[in-house]
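Trainee: Quick one, run-v2.cif (mmCIF, C-alpha atoms):
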```
data_query
loop_
_atom_site.label_atom_id
_atom_site.label_comp_id
_atom_site.auth_asym_id
_atom_site.auth_seq_id
_atom_site.Cartn_x
_atom_site.Cartn_y
_atom_site.Cartn_z
CA MET A 1216 -22.91 -50.49 -7.66
CA GLY A 1217 -22.80 -54.24 -7.82
CA ASN A 1218 -26.48 -54.45 -7.07
CA LEU A 1219 -28.47 -54.71 -10.28
CA HIS A 1220 -31.45 -52.94 -8.78
CA LEU A 1221 -29.33 -49.92 -7.85
CA ILE A 1222 -27.88 -49.80 -11.36
CA ASN A 1223 -31.36 -49.74 -12.83
CA LEU A 1224 -32.38 -46.92 -10.49
CA LEU A 1225 -29.22 -45.03 -11.41
CA PHE A 1226 -30.07 -45.18 -15.09
CA TYR A 1227 -33.66 -44.22 -14.43
CA PHE A 1228 -32.80 -40.99 -12.67
CA THR A 1229 -29.57 -40.11 -14.41
CA PHE A 1230 -29.92 -41.20 -17.99
CA ILE A 1231 -33.59 -40.82 -18.87
CA PHE A 1232 -33.32 -40.94 -22.58
CA SER A 1233 -33.28 -43.46 -25.32
CA GLY A 1234 -30.55 -44.79 -27.50
CA HIS A 1235 -28.15 -47.03 -25.64
CA ALA A 1236 -25.17 -48.44 -27.44
CA ARG A 1237 -24.02 -51.83 -26.37
CA TYR A 1238 -21.47 -52.94 -23.78
CA HIS A 1239 -17.81 -53.49 -24.69
CA HIS A 1240 -14.38 -53.59 -23.07
CA HIS A 1241 -11.06 -51.98 -23.98
CA HIS A 1242 -7.73 -50.54 -22.84
CA HIS A 1243 -6.01 -47.40 -24.10
CA LYS A 1244 -3.82 -47.73 -27.16
CA ARG A 1245 -3.30 -45.12 -29.86
CA HIS A 1246 -4.00 -46.10 -33.47
CA LYS A 1247 -1.71 -45.56 -36.40
CA HIS A 1248 -2.39 -43.69 -39.65
CA ALA A 1249 -5.85 -44.27 -41.07
CA PHE A 1250 -6.32 -46.01 -44.38
CA PRO A 1251 -7.83 -43.64 -46.97
CA ILE A 1252 -11.60 -43.93 -47.16
CA SER A 1253 -13.76 -43.29 -50.20
CA PRO A 1254 -15.52 -39.90 -49.90
CA SER A 1255 -18.95 -41.37 -50.66
CA PRO A 1256 -19.23 -44.91 -49.33
CA SER A 1257 -22.52 -46.75 -49.70
CA PRO A 1258 -24.34 -47.19 -46.39
CA SER A 1259 -24.41 -50.77 -45.18
CA PRO A 1260 -25.73 -52.29 -41.96
CA SER A 1261 -22.66 -54.50 -41.50
CA PRO A 1262 -19.80 -53.25 -43.69
CA SER A 1263 -16.34 -54.70 -43.69
CA PRO A 1264 -13.95 -52.45 -41.75
CA SER A 1265 -11.11 -50.65 -43.48
CA PRO A 1266 -7.75 -51.86 -42.15
CA THR A 1267 -5.48 -48.97 -41.09
CA ASP A 1268 -2.64 -51.44 -40.62
CA GLU A 1269 -2.34 -55.02 -39.49
CA ASN A 1270 -3.38 -54.05 -35.94
CA SER A 1271 -6.29 -51.62 -36.30
CA TYR A 1272 -9.53 -51.08 -38.21
CA THR A 1273 -11.40 -47.86 -38.98
CA TYR A 1274 -15.17 -47.55 -38.93
CA ASP A 1275 -16.21 -44.34 -40.67
CA VAL A 1276 -19.67 -43.24 -39.50
CA ARG A 1277 -20.64 -42.73 -43.18
CA MET A 1278 -20.32 -46.48 -43.65
CA PHE A 1279 -23.36 -46.84 -41.38
CA GLY A 1280 -25.56 -44.21 -43.01
CA GLY A 1281 -24.09 -41.02 -41.57
CA VAL A 1282 -24.79 -38.10 -43.92
CA GLY A 1283 -22.79 -35.27 -42.34
CA ASP A 1284 -24.72 -32.37 -43.85
CA GLY A 1285 -25.35 -30.63 -40.50
CA GLU A 1286 -29.11 -31.18 -40.74
CA THR A 1287 -29.80 -34.91 -40.97
CA ASP A 1288 -30.08 -36.82 -37.69
CA ASP A 1289 -26.99 -39.06 -37.71
CA THR A 1290 -27.49 -40.50 -34.22
CA GLU A 1291 -28.14 -44.08 -35.32
CA ALA A 1292 -25.09 -44.09 -37.58
CA PHE A 1293 -22.91 -43.14 -34.61
CA LYS A 1294 -24.42 -45.80 -32.36
CA THR A 1295 -23.94 -48.52 -34.96
CA ALA A 1296 -20.39 -47.40 -35.70
CA TRP A 1297 -19.69 -47.49 -31.94
CA ASP A 1298 -21.02 -51.03 -31.64
CA ASN A 1299 -18.83 -52.25 -34.49
CA ALA A 1300 -15.65 -50.39 -33.53
CA CYS A 1301 -15.95 -51.42 -29.88
CA GLN A 1302 -16.13 -55.08 -30.80
CA THR A 1303 -12.83 -54.88 -32.69
CA ASP A 1304 -9.36 -54.86 -31.20
CA SER A 1305 -7.78 -51.46 -31.89
CA GLY A 1306 -11.03 -50.30 -33.47
CA VAL A 1307 -11.31 -46.68 -34.59
CA LEU A 1308 -14.61 -44.82 -34.82
CA LEU A 1309 -13.90 -42.09 -37.38
CA VAL A 1310 -15.72 -38.77 -37.74
CA PRO A 1311 -14.29 -37.73 -41.11
CA TYR A 1312 -12.87 -34.32 -41.98
CA GLY A 1313 -15.09 -31.97 -43.97
CA TYR A 1314 -18.41 -33.28 -42.65
CA THR A 1315 -20.75 -31.97 -39.92
CA PHE A 1316 -22.82 -34.57 -38.09
CA MET A 1317 -25.84 -33.61 -35.99
CA ILE A 1318 -26.60 -36.16 -33.30
CA HIS A 1319 -29.09 -36.27 -30.43
CA SER A 1320 -28.55 -37.19 -26.78
CA THR A 1321 -26.84 -40.58 -26.67
CA ILE A 1322 -25.19 -42.98 -24.22
CA PHE A 1323 -22.14 -44.85 -25.52
CA THR A 1324 -21.63 -47.79 -23.17
CA GLY A 1325 -18.62 -49.95 -22.65
CA PRO A 1326 -16.50 -51.84 -22.04
CA CYS A 1327 -14.87 -52.15 -25.47
CA GLN A 1328 -12.04 -54.22 -26.88
CA THR A 1329 -8.43 -53.18 -26.46
CA GLY A 1330 -7.17 -49.93 -27.97
CA PHE A 1331 -10.44 -48.20 -28.85
CA VAL A 1332 -10.13 -44.72 -30.44
CA PHE A 1333 -12.88 -42.16 -31.04
CA GLN A 1334 -11.31 -40.03 -33.79
CA VAL A 1335 -12.99 -36.65 -34.40
CA ASP A 1336 -11.58 -35.05 -37.55
CA GLY A 1337 -14.86 -33.47 -38.68
CA THR A 1338 -17.57 -31.72 -36.64
CA ILE A 1339 -20.08 -33.20 -34.21
CA MET A 1340 -22.99 -30.87 -33.52
CA ALA A 1341 -25.85 -30.87 -30.99
CA PRO A 1342 -29.45 -29.96 -31.85
CA ASP A 1343 -29.97 -26.21 -32.02
CA GLY A 1344 -31.50 -25.42 -28.65
CA PRO A 1345 -34.24 -26.81 -26.40
CA GLU A 1346 -37.01 -26.51 -28.99
CA TRP A 1347 -35.15 -29.00 -31.20
CA TRP A 1348 -34.47 -31.38 -28.31
CA PRO A 1349 -36.83 -34.40 -28.46
CA GLY A 1350 -39.12 -34.59 -25.46
CA ASN A 1351 -38.22 -38.21 -24.69
CA TYR A 1352 -34.48 -37.43 -24.51
CA SER A 1353 -32.70 -36.29 -21.34
CA ARG A 1354 -31.99 -32.59 -21.10
CA ARG A 1355 -29.25 -33.16 -18.53
CA GLN A 1356 -26.58 -34.46 -20.89
CA TRP A 1357 -25.78 -34.75 -24.56
CA LEU A 1358 -23.03 -37.35 -25.11
CA VAL A 1359 -22.40 -39.83 -22.30
CA PHE A 1360 -19.62 -42.41 -22.12
CA TYR A 1361 -20.52 -45.01 -19.49
CA ARG A 1362 -18.24 -47.73 -18.08
CA VAL A 1363 -15.58 -47.14 -20.71
CA ASN A 1364 -12.05 -48.33 -20.01
CA GLY A 1365 -9.03 -47.22 -22.02
CA MET A 1366 -10.65 -44.93 -24.58
CA LEU A 1367 -8.77 -42.27 -26.54
CA LEU A 1368 -10.88 -39.31 -27.69
CA THR A 1369 -8.76 -37.36 -30.14
CA GLY A 1370 -8.60 -35.54 -33.46
CA GLY A 1371 -8.35 -32.10 -34.99
CA GLY A 1372 -12.10 -31.65 -35.42
CA LEU A 1373 -14.72 -29.74 -33.45
CA ILE A 1374 -17.46 -30.64 -30.97
CA ASP A 1375 -20.12 -27.90 -31.07
CA GLY A 1376 -22.64 -27.82 -28.21
CA ARG A 1377 -24.73 -25.04 -29.80
CA GLY A 1378 -25.61 -23.64 -26.39
CA GLU A 1379 -26.73 -20.13 -27.31
CA ARG A 1380 -30.47 -20.83 -27.08
CA TRP A 1381 -30.01 -22.61 -23.74
CA TRP A 1382 -28.14 -19.69 -22.17
CA THR A 1383 -31.07 -17.31 -22.67
CA LEU A 1384 -33.70 -19.49 -20.96
CA PRO A 1385 -35.52 -17.57 -18.19
CA CYS A 1386 -34.37 -20.17 -15.63
CA LYS A 1387 -30.74 -19.25 -16.22
CA PRO A 1388 -29.04 -16.77 -13.84
CA HIS A 1389 -30.40 -13.33 -14.69
CA LYS A 1390 -31.03 -9.93 -13.14
CA VAL A 1391 -34.53 -8.88 -12.10
CA THR A 1392 -35.79 -5.31 -11.83
CA ASN A 1393 -34.09 -4.54 -8.50
CA GLY A 1394 -30.74 -5.80 -9.82
CA THR A 1395 -30.77 -9.06 -7.83
CA ILE A 1396 -29.36 -12.13 -9.58
CA VAL A 1397 -32.05 -14.80 -9.76
CA ARG A 1398 -31.09 -18.47 -10.16
CA GLU A 1399 -33.80 -21.05 -10.74
CA PRO A 1400 -33.61 -24.81 -11.41
CA CYS A 1401 -32.83 -25.39 -15.04
CA ASP A 1402 -32.07 -28.55 -16.97
CA SER A 1403 -29.46 -27.81 -19.61
CA PRO A 1404 -27.30 -30.57 -21.07
CA ILE A 1405 -23.69 -31.23 -20.19
CA ALA A 1406 -21.95 -31.65 -23.53
CA ILE A 1407 -19.68 -34.63 -22.77
CA ARG A 1408 -19.91 -36.72 -19.63
CA PHE A 1409 -17.71 -39.66 -18.68
CA PHE A 1410 -19.28 -41.77 -15.94
CA MET A 1411 -17.74 -44.69 -14.03
CA SER A 1412 -14.91 -44.95 -16.55
CA SER A 1413 -11.13 -45.35 -16.32
CA ASN A 1414 -7.86 -44.97 -18.19
CA LEU A 1415 -9.20 -42.18 -20.38
CA THR A 1416 -7.29 -39.85 -22.69
CA VAL A 1417 -8.74 -36.72 -24.28
CA GLN A 1418 -6.24 -35.12 -26.64
CA GLY A 1419 -6.24 -32.38 -29.25
CA ILE A 1420 -10.00 -31.87 -29.27
CA LYS A 1421 -11.60 -28.47 -29.89
CA MET A 1422 -14.93 -27.81 -28.22
CA LYS A 1423 -17.22 -24.79 -28.08
CA ASP A 1424 -20.49 -23.41 -26.74
CA SER A 1425 -21.78 -26.14 -24.48
CA PRO A 1426 -25.23 -25.48 -23.00
CA GLN A 1427 -23.71 -26.22 -19.58
CA PHE A 1428 -20.40 -27.92 -18.56
CA HIS A 1429 -18.26 -28.82 -21.56
CA PHE A 1430 -16.61 -31.89 -20.00
CA ARG A 1431 -17.66 -33.63 -16.82
CA PHE A 1432 -16.01 -36.69 -15.24
CA ASP A 1433 -17.93 -38.53 -12.51
CA ASN A 1434 -16.58 -41.54 -10.60
CA CYS A 1435 -13.65 -41.94 -12.97
CA ASN A 1436 -10.05 -43.00 -12.48
CA ASN A 1437 -6.85 -42.25 -14.44
CA VAL A 1438 -7.90 -39.36 -16.67
CA HIS A 1439 -5.38 -37.63 -18.96
CA ILE A 1440 -6.40 -34.45 -20.80
CA ASP A 1441 -3.85 -32.79 -23.07
CA SER A 1442 -3.77 -30.02 -25.67
CA ILE A 1443 -7.49 -29.30 -25.86
CA ARG A 1444 -9.20 -25.96 -26.55
CA ILE A 1445 -12.55 -24.97 -25.06
CA THR A 1446 -14.32 -21.72 -25.94
CA ALA A 1447 -17.62 -20.10 -24.95
CA PRO A 1448 -18.63 -16.44 -24.44
CA ALA A 1449 -17.58 -14.81 -21.17
CA LEU A 1450 -21.22 -14.29 -20.15
CA SER A 1451 -22.47 -17.80 -20.98
CA PRO A 1452 -23.83 -19.22 -17.68
CA ASN A 1453 -22.54 -22.42 -16.06
CA THR A 1454 -20.28 -23.32 -18.97
CA ASP A 1455 -17.42 -24.78 -16.91
CA GLY A 1456 -14.65 -26.08 -19.12
CA ILE A 1457 -13.75 -29.27 -17.22
CA HIS A 1458 -15.50 -30.46 -14.06
CA ILE A 1459 -14.41 -33.51 -12.07
CA GLU A 1460 -16.33 -35.18 -9.24
CA ASN A 1461 -15.34 -38.30 -7.27
CA THR A 1462 -12.51 -38.71 -9.76
CA ASN A 1463 -8.84 -39.34 -9.02
CA ASN A 1464 -5.46 -39.57 -10.73
CA VAL A 1465 -6.24 -36.71 -13.10
CA ALA A 1466 -3.78 -34.84 -15.34
CA ILE A 1467 -4.87 -31.73 -17.27
CA TYR A 1468 -2.05 -30.29 -19.37
CA ASN A 1469 -1.25 -27.79 -22.13
CA SER A 1470 -4.77 -26.54 -22.79
CA VAL A 1471 -6.60 -23.27 -23.46
CA ILE A 1472 -9.99 -22.61 -21.87
CA SER A 1473 -12.16 -19.49 -22.10
CA ASN A 1474 -15.78 -19.56 -21.01
CA GLY A 1475 -18.43 -18.13 -18.70
CA ASP A 1476 -17.60 -20.08 -15.54
CA ASP A 1477 -14.69 -22.02 -14.02
CA CYS A 1478 -12.04 -23.13 -16.49
CA VAL A 1479 -11.51 -26.17 -14.28
CA SER A 1480 -13.66 -27.03 -11.26
CA ILE A 1481 -12.79 -29.77 -8.79
CA GLY A 1482 -15.64 -31.25 -6.78
CA SER A 1483 -15.85 -33.56 -3.81
CA GLY A 1484 -14.12 -36.93 -3.79
CA CYS A 1485 -11.21 -35.83 -5.97
CA TYR A 1486 -7.57 -36.46 -5.14
CA ASP A 1487 -4.23 -36.75 -6.96
CA VAL A 1488 -5.02 -33.99 -9.47
CA ASP A 1489 -2.25 -32.30 -11.49
CA ILE A 1490 -3.10 -29.22 -13.60
CA ARG A 1491 -0.24 -27.72 -15.59
CA ASN A 1492 0.35 -25.23 -18.39
CA ILE A 1493 -3.24 -24.03 -18.69
CA THR A 1494 -4.26 -20.70 -20.21
CA CYS A 1495 -7.52 -19.74 -18.52
CA GLY A 1496 -9.75 -16.77 -19.25
CA PRO A 1497 -11.99 -15.01 -19.60
CA GLY A 1498 -13.90 -17.03 -17.03
CA HIS A 1499 -14.03 -17.67 -13.30
CA GLY A 1500 -10.58 -19.14 -12.85
CA ILE A 1501 -9.56 -22.55 -11.47
CA SER A 1502 -11.64 -23.65 -8.50
CA ILE A 1503 -11.79 -26.29 -5.83
CA GLY A 1504 -15.48 -26.45 -5.00
CA SER A 1505 -18.00 -25.50 -4.29
CA LEU A 1506 -17.96 -28.05 -1.46
CA GLY A 1507 -20.30 -28.84 1.40
CA ASN A 1508 -23.59 -27.72 -0.13
CA HIS A 1509 -26.77 -28.88 1.64
CA ASN A 1510 -24.73 -29.75 4.76
CA SER A 1511 -22.87 -32.48 2.87
CA ARG A 1512 -19.50 -34.03 3.63
CA ALA A 1513 -16.83 -33.19 1.04
CA CYS A 1514 -13.20 -34.20 0.64
CA ALA A 1515 -10.49 -33.12 -1.81
CA SER A 1516 -6.73 -33.55 -1.46
CA ASN A 1517 -3.34 -33.67 -3.17
CA ILE A 1518 -4.12 -31.10 -5.86
CA THR A 1519 -1.50 -29.09 -7.77
CA VAL A 1520 -2.04 -26.20 -10.18
CA SER A 1521 1.20 -24.94 -11.74
CA ASP A 1522 2.88 -23.10 -14.62
CA SER A 1523 -0.35 -21.51 -15.84
CA VAL A 1524 -1.81 -18.17 -16.92
CA ILE A 1525 -5.14 -16.74 -15.76
CA LYS A 1526 -6.30 -13.59 -17.52
CA ASN A 1527 -9.29 -11.22 -17.54
CA SER A 1528 -11.06 -13.46 -15.08
CA ASP A 1529 -13.40 -12.95 -12.13
CA ASN A 1530 -11.20 -15.20 -10.01
CA GLY A 1531 -7.73 -16.68 -10.11
CA VAL A 1532 -7.18 -19.74 -7.92
CA ARG A 1533 -10.12 -20.31 -5.62
CA ILE A 1534 -11.32 -22.61 -2.84
CA LYS A 1535 -15.04 -22.23 -2.16
CA THR A 1536 -17.13 -24.00 0.47
CA TRP A 1537 -20.62 -23.65 1.88
CA GLN A 1538 -21.41 -23.09 5.53
CA GLY A 1539 -22.84 -26.17 7.19
CA GLY A 1540 -20.70 -28.68 5.31
CA SER A 1541 -18.07 -31.02 6.70
CA GLY A 1542 -14.99 -32.83 5.47
CA ALA A 1543 -11.68 -31.33 4.44
CA VAL A 1544 -9.61 -29.75 1.68
CA SER A 1545 -5.90 -30.35 2.18
CA GLY A 1546 -2.58 -30.74 0.41
CA VAL A 1547 -3.17 -28.10 -2.26
CA THR A 1548 -0.36 -26.29 -4.12
CA PHE A 1549 -0.77 -23.29 -6.42
CA GLN A 1550 2.62 -22.64 -8.01
CA ASN A 1551 4.09 -20.41 -10.73
CA ILE A 1552 0.86 -18.83 -11.90
CA HIS A 1553 0.70 -15.54 -13.79
CA MET A 1554 -2.33 -13.33 -13.19
CA ASP A 1555 -3.34 -10.78 -15.83
CA ASN A 1556 -6.10 -8.37 -14.75
CA VAL A 1557 -7.78 -10.88 -12.43
CA ARG A 1558 -10.39 -9.64 -9.98
CA ASN A 1559 -9.68 -12.08 -7.12
CA PRO A 1560 -6.27 -13.68 -7.81
CA ILE A 1561 -6.15 -15.62 -4.53
CA ILE A 1562 -9.38 -16.46 -2.76
CA ILE A 1563 -10.57 -18.81 -0.05
CA ASP A 1564 -14.29 -18.33 0.50
CA GLN A 1565 -15.90 -20.43 3.22
CA PHE A 1566 -19.09 -18.34 3.05
CA TYR A 1567 -19.89 -19.23 -0.54
CA CYS A 1568 -23.50 -18.60 -1.51
CA LEU A 1569 -25.21 -18.12 -4.87
CA SER A 1570 -27.38 -15.23 -3.68
CA LYS A 1571 -27.49 -12.62 -0.93
CA VAL A 1572 -30.60 -14.15 0.57
CA GLY A 1573 -31.35 -17.64 1.83
CA CYS A 1574 -27.86 -18.41 3.17
CA PHE A 1575 -27.63 -18.74 6.95
CA ASN A 1576 -24.74 -18.84 9.39
CA ARG A 1577 -23.69 -22.38 10.33
CA THR A 1578 -21.15 -23.59 12.86
CA SER A 1579 -19.88 -26.57 10.86
CA ALA A 1580 -17.60 -26.14 7.84
CA VAL A 1581 -15.27 -27.96 5.48
CA TYR A 1582 -11.83 -27.83 7.10
CA VAL A 1583 -9.25 -26.07 4.88
CA SER A 1584 -5.59 -26.76 5.66
CA ASP A 1585 -2.13 -27.21 4.15
CA ILE A 1586 -2.58 -24.80 1.23
CA GLN A 1587 0.55 -23.40 -0.44
CA TYR A 1588 0.80 -20.36 -2.72
CA THR A 1589 4.19 -20.02 -4.43
CA GLY A 1590 5.22 -17.78 -7.32
CA ILE A 1591 1.83 -16.12 -7.82
CA LYS A 1592 2.56 -12.91 -9.76
CA GLY A 1593 0.86 -10.41 -12.01
CA THR A 1594 -1.91 -7.83 -11.90
CA TYR A 1595 -5.34 -7.64 -10.34
CA ASP A 1596 -8.56 -5.76 -10.98
CA VAL A 1597 -8.85 -3.09 -8.26
CA ARG A 1598 -12.56 -3.80 -7.71
CA SER A 1599 -11.53 -6.51 -5.24
CA PRO A 1600 -8.54 -7.12 -2.95
CA PRO A 1601 -5.76 -9.24 -4.46
CA MET A 1602 -5.92 -11.80 -1.63
CA HIS A 1603 -9.17 -12.77 0.08
CA LEU A 1604 -9.00 -15.38 2.84
CA ALA A 1605 -12.47 -15.66 4.41
CA CYS A 1606 -12.41 -18.69 6.70
CA SER A 1607 -15.07 -20.18 8.92
CA ASP A 1608 -15.81 -18.52 12.26
CA THR A 1609 -15.67 -21.84 14.10
CA ILE A 1610 -13.17 -23.88 12.05
CA PRO A 1611 -10.25 -21.67 10.93
CA CYS A 1612 -8.09 -22.31 7.90
CA THR A 1613 -4.68 -23.57 9.02
CA ASN A 1614 -1.17 -23.92 7.59
CA ILE A 1615 -1.74 -21.51 4.70
CA THR A 1616 1.73 -20.62 3.37
CA PHE A 1617 2.84 -17.88 0.99
CA SER A 1618 6.11 -17.54 -0.89
CA ASP A 1619 7.12 -15.18 -3.71
CA VAL A 1620 3.67 -13.64 -4.17
CA GLU A 1621 3.64 -10.30 -6.02
CA LEU A 1622 0.33 -8.79 -7.15
CA LEU A 1623 -0.02 -5.22 -8.40
CA PRO A 1624 -3.04 -3.24 -9.62
CA SER A 1625 -3.68 -3.46 -13.36
CA ARG A 1626 -4.65 0.23 -13.37
CA GLY A 1627 -3.48 3.14 -11.28
CA ASP A 1628 -1.22 3.16 -8.26
CA MET A 1629 -3.65 2.20 -5.50
CA VAL A 1630 -2.60 -1.02 -3.81
CA LEU A 1631 -5.48 -2.63 -1.93
CA ASP A 1632 -4.90 -4.39 1.36
CA PRO A 1633 -5.55 -8.12 1.44
CA PHE A 1634 -8.52 -9.39 3.44
CA CYS A 1635 -8.23 -12.14 6.06
CA TRP A 1636 -10.70 -13.67 8.46
CA ASN A 1637 -9.68 -16.47 10.83
CA ALA A 1638 -6.85 -17.59 8.51
CA TYR A 1639 -3.67 -19.04 10.07
CA GLY A 1640 -0.40 -19.66 8.29
CA ASP A 1641 3.12 -18.59 7.48
CA LEU A 1642 4.78 -16.00 5.24
CA GLN A 1643 7.92 -17.68 3.94
CA THR A 1644 8.78 -14.46 2.07
CA LEU A 1645 7.27 -10.99 2.11
CA THR A 1646 4.27 -10.61 -0.17
CA ILE A 1647 3.20 -7.69 -2.36
CA PRO A 1648 0.96 -6.29 -1.03
CA PRO A 1649 1.94 -7.23 2.53
CA LEU A 1650 -0.27 -9.89 4.06
CA PHE A 1651 -0.25 -8.56 7.61
CA CYS A 1652 -3.69 -9.95 8.34
CA LEU A 1653 -2.59 -13.61 8.19
CA LEU A 1654 -2.52 -15.01 11.74
CA GLU A 1655 0.65 -16.76 12.81
CA GLY A 1656 0.93 -20.28 14.13
CA GLU A 1657 -2.05 -22.45 14.95
CA PRO A 1658 -5.44 -21.57 16.44
CA SER A 1659 -5.68 -22.11 20.17
CA ALA A 1660 -8.20 -24.91 19.81
CA ILE A 1661 -10.23 -26.72 17.20
CA LEU A 1662 -12.64 -29.24 18.59
CA GLU A 1663 -12.09 -32.56 16.88
CA ASN A 1664 -15.81 -33.22 16.67
CA GLU A 1665 -16.19 -29.99 14.71
CA VAL A 1666 -13.74 -31.03 12.01
CA GLY A 1667 -14.83 -33.53 9.40
CA PHE A 1668 -11.61 -35.38 8.67
CA CYS A 1669 -11.37 -37.30 5.44
#
```
Using the file provided, produce a representation of the structure as structure tokens.

Mentor:
Amino acid sequence: MGNLHLINLLFYFTFIFSGHARYHHHHHKRHKHAFPISPSPSPSPSPSPSPTDENSYTYDVRMFGGVGDGETDDTEAFKTAWDNACQTDSGVLLVPYGYTFMIHSTIFTGPCQTGFVFQVDGTIMAPDGPEWWPGNYSRRQWLVFYRVNGMLLTGGGLIDGRGERWWTLPCKPHKVTNGTIVREPCDSPIAIRFFMSSNLTVQGIKMKDSPQFHFRFDNCNNVHIDSIRITAPALSPNTDGIHIENTNNVAIYNSVISNGDDCVSIGSGCYDVDIRNITCGPGHGISIGSLGNHNSRACASNITVSDSVIKNSDNGVRIKTWQGGSGAVSGVTFQNIHMDNVRNPIIIDQFYCLSKVGCFNRTSAVYVSDIQYTGIKGTYDVRSPPMHLACSDTIPCTNITFSDVELLPSRGDMVLDPFCWNAYGDLQTLTIPPLFCLLEGEPSAILENEVGFC
């Protein structure tokens, strides 16, 4: 990344839209109570900041021409407010309560000065669908924070992705006449993306109806997410709540997520991830993967999901990998999780594929090992078995342990048998239903050249 030419290429392919804010530097530090601001300030290109106390200054986006009527394009006001707040120690960019600001696709670039806060007390709103999206703006992302260090994104306001018109595009997953699900390439914007950033805190934010992922973190370090709420309809496609990729030292706590895809999805290159006290559903559960697509090498390790509730969801806790990949998933703990009417409470799927056609058997696979399920209890939807461990034909899953697992049907008395394929591990206590299909000990042989160690 140190090569300037590579950086330019990165921006050309990843951020093809206009409107770059300027570079700044900062470290995380929470601000104190804001100084009251006049409800109708006069716009000024370079206003004097309002001191919140002797250590911080607030830059209300209305001071830079922001209207906040939900119709006017307030993009430039936000970019100018960012530039000013980022240049100030303990600067606060304020989105005031009672106003709705519509802004277009924008990159906010850092680094900033110490203690920068992006305070959302009002509403930030995206353009209303693809027909209102300017042709010269990227359709892959809406709000991007690039090379930001130490930022706090907080407030009691709302970030509205207005994704309804994106979800109905013909390129989105849909059924054709024979009932087959068709998935075609489709550029829909990620609502908020943090890229190559560190020491980030997202706290108290409410977010709804992203066209695609709500939050995405790429190549980030030290990310703390606490007490946020994400909502989208259960049938909204690809609306993952939080997705992380090549990101480490992540904490996601005390949050509520309901959407049309994974509540939290963990991609390749992630390690030291702690997820705790999450209420997830409806949706597709909490997933590691998918990993190994297009024969790629993928690694994920030291991941804990605990003290959470998953309800009315297609999946509970899931590991999903493609055939043909390499690398490894290891050191994963799922602990004290309550399932409420979940179709696949526990699932390892090493034959993951988006359709029933076009996926071929491969001998290589992402190696799955050292996975622990403890205190997984509740009810499951009887359309699928409560435990589904489908491991690679050539590279088995190993050291899969179960303790205090009790899963009962949400309706009726029929208890389905778990499904296992080439899965090795240990039952530390009896499970309900009994997991007789889990193979004991270790496989007789795994060729080292077949396993992509990380």

Trainee: Could you tell me, as a PyMOL selection string, exactly which residues end up selected when the PyMOL selection byres ((chain A and resi 1443) around 9) is applied to this structure?

Mentor: chain A and resi 1417-1422+1440-1442+1444-1445+1468-1472

Trainee: For the structure provided, state which residues fall under the PyMOL selection byres ((chain A and resi 1607-1616) around 6), and present them as an NGL selection string.

Mentor: :A and (1565 or 1578 or 1583-1587 or 1606 or 1617 or 1637-1642)

Trainee: As a check of understanding, name the residues that the PyMOL selection byres ((chain A and resi 1464) around 9) selects in the supplied structure, as a ChimeraX atom specification.

Mentor: /A:1435-1439,1462-1463,1465-1466,1485-1489

Trainee: Here is a test: counting all atoms listed in the file, which residue of A:Asn1434, A:Ser1425, A:Ser1502, A:Ser1320 is nearest to Gly1484 (chain A)?

Mentor: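 Ranking A:Asn1434, A:Ser1425, A:Ser1502, A:Ser1320 by distance to Gly1484 (chain A), first place goes to A:Asn1434.
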
Trainee: Please list, as an NGL selection string, the residues that have an atom at most 10 Å away from (-9.3, -8.2, -22.0) in the coordinates of this file, counting all atoms listed in the file.

Mentor: :A and (1496-1497 or 1526-1528 or 1555-1556)

Trainee: So the first atom is CA of Gly1330 (chain A) and the second is CA of Glu1291 (chain A); what is the distance between them in Å, to one decimal place?

Mentor: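 Interatomic distance here is 23.0 Å.
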
Trainee: Take the point (-27.7, -29.8, -35.9) in the file's coordinates, draw a sphere of radius 8 Å around it, and report as a PyMOL selection string every protein, DNA or RNA residue with an atom inside or on it, counting only C-alpha atoms.

Mentor: chain A and resi 1285-1288+1316-1318+1340-1343

Trainee: Tell me, in Å to one decimal, how far CA of Asp1433 (chain A) is from CA of Gly1531 (chain A).

Mentor: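 Straight-line distance from CA of Asp1433 (chain A) to CA of Gly1531 (chain A) works out to 24.2 Å.
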
Trainee: Identify, on the basis of only C-alpha atoms, every residue whose closest approach to Pro1633 (chain A) does not exceed 9 Å; exclude the query and any residue fewer than 2 positions from it along the same chain; express the result as JSON, numbers by chain.

Mentor: {"A": [1600, 1601, 1602, 1603, 1604, 1631, 1635, 1648, 1649, 1650, 1651, 1652]}

Trainee: Show which residues sit within 7 Å of Cys1478 (chain A), as number ranges by chain. Count all atoms listed in the file, and ignore same-chain residues fewer than 3 positions away.

Mentor: A: 1455-1457, 1472-1474, 1495, 1498-1501
